[in-house]
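Asks: One file: start.tsv (TSV, C-alpha atoms and all ligand atoms).
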```
chain	number	residue	atom	x	y	z
A	86	MET	CA	-5.42	17.10	20.36
A	87	ASP	CA	-2.35	19.31	20.13
A	88	THR	CA	-3.35	22.99	20.54
A	89	SER	CA	-1.97	24.03	17.16
A	90	ARG	CA	-4.16	21.34	15.52
A	91	ASP	CA	-7.32	22.11	17.48
A	92	PRO	CA	-9.47	24.67	15.64
A	93	LEU	CA	-11.27	25.81	18.80
A	94	ALA	CA	-7.96	26.41	20.58
A	95	VAL	CA	-6.70	28.36	17.55
A	96	LEU	CA	-9.83	30.54	17.49
A	97	ARG	CA	-9.66	31.11	21.26
A	98	ILE	CA	-6.05	32.30	20.92
A	99	GLU	CA	-7.16	34.70	18.17
A	100	HIS	CA	-9.80	36.04	20.55
A	101	GLU	CA	-6.99	36.94	22.97
A	102	GLU	CA	-5.20	38.80	20.16
A	103	ILE	CA	-8.43	40.63	19.29
A	104	ARG	CA	-8.88	41.61	22.98
A	105	ASP	CA	-5.32	42.99	23.06
A	106	VAL	CA	-6.02	45.12	19.98
A	107	LEU	CA	-9.33	46.36	21.44
A	108	ASN	CA	-7.51	47.30	24.63
A	109	LYS	CA	-5.07	49.34	22.56
A	110	LEU	CA	-7.96	50.89	20.65
A	111	ASP	CA	-9.66	51.91	23.91
A	112	GLY	CA	-6.38	53.49	25.03
A	113	TYR	CA	-6.13	55.49	21.80
A	114	LEU	CA	-9.76	56.62	22.07
A	115	LYS	CA	-9.15	57.90	25.62
A	116	LYS	CA	-6.06	59.77	24.43
A	117	ILE	CA	-8.00	61.31	21.53
A	118	ALA	CA	-10.63	62.53	24.01
A	119	SER	CA	-8.04	64.07	26.35
A	120	ALA	CA	-5.56	65.43	23.77
A	121	GLY	CA	-4.35	68.92	24.69
A	122	SER	CA	-3.89	70.20	21.14
A	123	ASP	CA	-4.99	69.53	17.55
A	124	GLU	CA	-1.49	68.36	16.76
A	125	ASP	CA	-1.50	65.79	19.57
A	126	ARG	CA	-4.92	64.61	18.50
A	127	ASN	CA	-3.76	64.29	14.87
A	128	ASN	CA	-0.80	62.20	15.93
A	129	ILE	CA	-2.94	59.79	17.92
A	130	ILE	CA	-5.50	59.49	15.14
A	131	ASN	CA	-2.64	58.58	12.78
A	132	GLN	CA	-1.64	55.80	15.16
A	133	LEU	CA	-5.06	54.21	14.60
A	134	ASN	CA	-3.52	52.83	11.36
A	135	GLU	CA	-2.14	50.00	13.43
A	136	ILE	CA	-5.68	49.05	14.49
A	137	ILE	CA	-7.02	49.47	10.96
A	138	SER	CA	-4.47	47.15	9.43
A	139	PHE	CA	-5.25	44.47	12.04
A	140	MET	CA	-8.99	44.74	11.44
A	141	ASP	CA	-8.71	44.85	7.64
A	142	LYS	CA	-6.71	41.67	7.59
A	143	ASP	CA	-6.62	39.61	10.78
A	144	LEU	CA	-10.12	40.30	12.08
A	145	GLU	CA	-11.65	39.68	8.65
A	146	VAL	CA	-9.77	36.37	8.29
A	147	HIS	CA	-10.87	35.41	11.83
A	148	PHE	CA	-14.53	35.99	10.92
A	149	LYS	CA	-14.07	33.93	7.75
A	150	LYS	CA	-12.51	31.05	9.69
A	151	GLU	CA	-15.65	30.92	11.79
A	152	GLU	CA	-18.11	31.53	8.95
A	153	GLU	CA	-16.56	29.21	6.39
A	154	ALA	CA	-14.87	26.52	8.48
A	155	LEU	CA	-16.51	26.21	11.92
A	156	PHE	CA	-20.14	27.31	11.48
A	157	PRO	CA	-21.08	25.00	8.57
A	158	VAL	CA	-19.88	21.88	10.42
A	159	LEU	CA	-21.23	22.89	13.85
A	160	GLY	CA	-24.41	23.92	12.05
A	161	ASN	CA	-25.09	20.25	11.25
A	162	TYR	CA	-25.75	19.81	14.98
A	163	ILE	CA	-27.30	23.08	16.13
A	164	GLY	CA	-28.58	24.69	12.91
A	165	VAL	CA	-27.38	27.79	11.07
A	166	GLU	CA	-30.60	29.60	10.20
A	167	THR	CA	-31.71	30.09	13.80
A	168	GLY	CA	-30.07	29.88	17.23
A	169	PRO	CA	-26.57	30.86	18.35
A	170	ILE	CA	-24.80	30.51	14.98
A	171	ASN	CA	-27.38	32.78	13.39
A	172	VAL	CA	-26.81	35.33	16.17
A	173	MET	CA	-23.02	35.15	15.62
A	174	ILE	CA	-23.43	35.71	11.86
A	175	ILE	CA	-25.66	38.73	12.49
A	176	GLU	CA	-23.08	40.11	14.94
A	177	HIS	CA	-20.25	39.66	12.40
A	178	SER	CA	-22.28	41.69	9.96
A	179	HIS	CA	-22.98	44.33	12.61
A	180	CYS	CA	-19.26	44.48	13.48
A	181	ARG	CA	-18.33	44.90	9.80
A	182	ASP	CA	-20.84	47.77	9.50
A	183	LEU	CA	-19.57	49.48	12.65
A	184	TYR	CA	-16.00	49.05	11.46
A	185	ALA	CA	-16.82	50.55	8.03
A	186	GLY	CA	-18.37	53.55	9.83
A	187	PHE	CA	-15.33	53.89	12.10
A	188	LYS	CA	-13.00	53.95	9.08
A	189	LEU	CA	-15.18	56.55	7.35
A	190	LYS	CA	-14.95	58.79	10.42
A	191	ILE	CA	-11.18	58.41	10.55
A	192	ASN	CA	-10.83	59.18	6.83
A	193	GLY	CA	-13.13	62.17	7.16
A	194	TYR	CA	-11.28	63.61	10.14
A	195	GLN	CA	-8.82	65.74	8.14
A	196	SER	CA	-11.73	67.69	6.63
A	197	ASP	CA	-14.38	67.69	9.39
A	198	LYS	CA	-12.20	67.44	12.58
A	199	ASP	CA	-15.05	65.44	14.09
A	200	TYR	CA	-13.03	63.42	16.59
A	201	LYS	CA	-16.04	62.75	18.81
A	202	SER	CA	-17.58	60.61	16.07
A	203	ILE	CA	-14.35	58.61	15.84
A	204	ILE	CA	-14.55	57.97	19.59
A	205	ASN	CA	-18.24	56.99	19.44
A	206	ALA	CA	-17.81	54.68	16.45
A	207	GLY	CA	-14.66	53.09	17.91
A	208	SER	CA	-16.30	52.52	21.32
A	209	SER	CA	-19.40	50.90	19.80
A	210	LEU	CA	-17.24	48.58	17.70
A	211	SER	CA	-15.03	47.68	20.63
A	212	GLN	CA	-17.96	46.93	22.92
A	213	LEU	CA	-19.85	44.78	20.43
A	214	LEU	CA	-16.75	42.84	19.41
A	215	LEU	CA	-15.76	42.14	23.02
A	216	GLU	CA	-19.24	40.88	23.87
A	217	HIS	CA	-19.27	38.82	20.69
A	218	GLU	CA	-15.97	37.04	21.37
A	219	ASP	CA	-17.07	36.39	24.98
A	220	LYS	CA	-20.25	34.70	23.77
A	221	GLU	CA	-18.24	32.52	21.41
A	222	ASP	CA	-15.71	31.59	24.10
A	223	HIS	CA	-18.28	30.82	26.78
A	224	ILE	CA	-21.26	29.50	24.84
A	225	LEU	CA	-20.69	28.60	21.20
A	226	PHE	CA	-17.26	27.00	21.50
A	227	ASN	CA	-18.43	24.95	24.49
A	228	MET	CA	-21.28	23.62	22.34
A	229	ALA	CA	-18.71	22.85	19.65
A	230	GLU	CA	-16.53	20.95	22.16
A	231	MET	CA	-19.58	18.89	23.09
A	232	HIS	CA	-20.60	17.97	19.55
A	233	LEU	CA	-17.64	17.91	17.18
A	234	THR	CA	-15.80	14.66	16.53
A	235	GLN	CA	-12.00	14.53	16.12
A	236	GLU	CA	-12.51	13.96	12.40
A	237	GLU	CA	-14.72	17.05	12.11
A	238	LYS	CA	-12.15	19.10	14.05
A	239	ARG	CA	-9.47	17.95	11.62
A	240	GLU	CA	-11.66	18.94	8.68
A	241	ILE	CA	-12.32	22.40	10.22
A	242	MET	CA	-8.60	22.86	10.89
A	243	GLU	CA	-7.75	22.11	7.26
A	244	LYS	CA	-10.19	24.77	6.08
A	245	ILE	CA	-8.79	27.24	8.62
A	246	LEU	CA	-5.25	26.69	7.39
A	247	ALA	CA	-6.37	27.22	3.80
A	248	LEU	CA	-7.79	30.64	4.81
A	249	LYS	CA	-4.47	31.97	6.18
B	301	FE	FE	-17.25	35.47	15.64
B	302	FE	FE	-14.50	34.86	17.11
```
What does this structure look like when you write it as structure tokens?
Ligand SMILES: [Fe+2]
Ligand SMILES: [Fe+2]
Replies:
Amino acid sequence: MDTSRDPLAVLRIEHEEIRDVLNKLDGYLKKIASAGSDEDRNNIINQLNEIISFMDKDLEVHFKKEEEALFPVLGNYIGVETGPINVMIIEHSHCRDLYAGFKLKINGYQSDKDYKSIINAGSSLSQLLLEHEDKEDHILFNMAEMHLTQEEKREIMEKILALK
């Protein structure tokens, strides 16, 4: 199956994009920690907008592609209520909560100047999300490769394209 028509290949490529953004985020967090002045720190915190717009849109759509297109079909083989899909759904929810907290800290920064909380929230999010995408790449997607038929992959791909 051509890569652009294979849902698992598409999701794996998105994982690479997510890793690139998390790398950038880690770089920003280090710079925030080592900033020499309030002005420098302000400037770097403003640059987090780039990360925010990716997570608001692309990360959320990525989660939906898994939750609404992949998981229901793969769930026919390995279950949704328990097991790895259930763990992935719980982690999506945990990531969304951590992300909401991270945004709150960024928005509150102008009044509380609490940059350490931005760093803590951003690091927790980054760590969980990295571990999550690794589990999908190395465990869940391999199970999907084992079970899904070409027809099911086509069906998942159609749903993914509709979520763009
Ligand atoms: Fe996921
Ligand atoms: Fe994923």
Asks: Could you check how far atom CA of A:Phe156 sits from atom CA of A:Glu135, in Å to one decimal?
Replies: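 Separating atom CA of A:Phe156 from atom CA of A:Glu135 is a distance of 29.0 Å.
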Asks: Do you have the atom CA of A:Ser209-atom CA of A:Glu101 distance handy?
Replies: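 If I compute the distance from atom CA of A:Ser209 to atom CA of A:Glu101, I get 18.9 Å.
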Asks: Could you tell me, counting only C-alpha atoms and all ligand atoms, which protein and nucleic acid residues lie no more than 8 Å from ligand FE 301 (chain B), written as a PyMOL selection string?
Replies: chain A and resi 147-148+151-152+173-174+176-177+217-218+221
Asks: Write out as a list in words which residues come within 8 Å of A:Asp111 when counting all atoms listed in the file, dropping same-chain ones fewer than 3 positions away.
Replies: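 My reading of the contact set: Leu107, Asn108, Leu114, Lys115, Gly207, Ser208 and Ser211 of chain A.
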Asks: Can I get the selected residues back with C-alpha atoms, as a PDB file, in the frame of the given file?
Replies:
```pdb
ATOM      1  CA  LEU A 107      -9.330  46.360  21.440  1.00  0.00           C
ATOM      2  CA  ASN A 108      -7.510  47.300  24.630  1.00  0.00           C
ATOM      3  CA  LEU A 114      -9.760  56.620  22.070  1.00  0.00           C
ATOM      4  CA  LYS A 115      -9.150  57.900  25.620  1.00  0.00           C
ATOM      5  CA  GLY A 207     -14.660  53.090  17.910  1.00  0.00           C
ATOM      6  CA  SER A 208     -16.300  52.520  21.320  1.00  0.00           C
ATOM      7  CA  SER A 211     -15.030  47.680  20.630  1.00  0.00           C
TER       8      SER A 211
END
```
Asks: Would you be able to write out as a PyMOL selection string which residues have an atom within 12 Å of (-16.7, 36.9, 18.4) in the file's coordinates, counting all atoms listed in the file?
Replies: chain A and resi 96-104+144-145+147-152+169-170+172-181+210-226
Asks: Please measure the separation of atom CA of A:Ala118 and atom CA of A:Lys142, giving the value in Å to one decimal.
Replies: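 Value for the atom CA of A:Ala118-atom CA of A:Lys142 distance: 26.8 Å.
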Asks: Measuring atom to atom with all atoms listed in the file, identify which of A:Val95, A:Ala206, A:Leu248, A:Leu159 is nearest to ligand FE 302 (chain B).
Replies: A:Val95
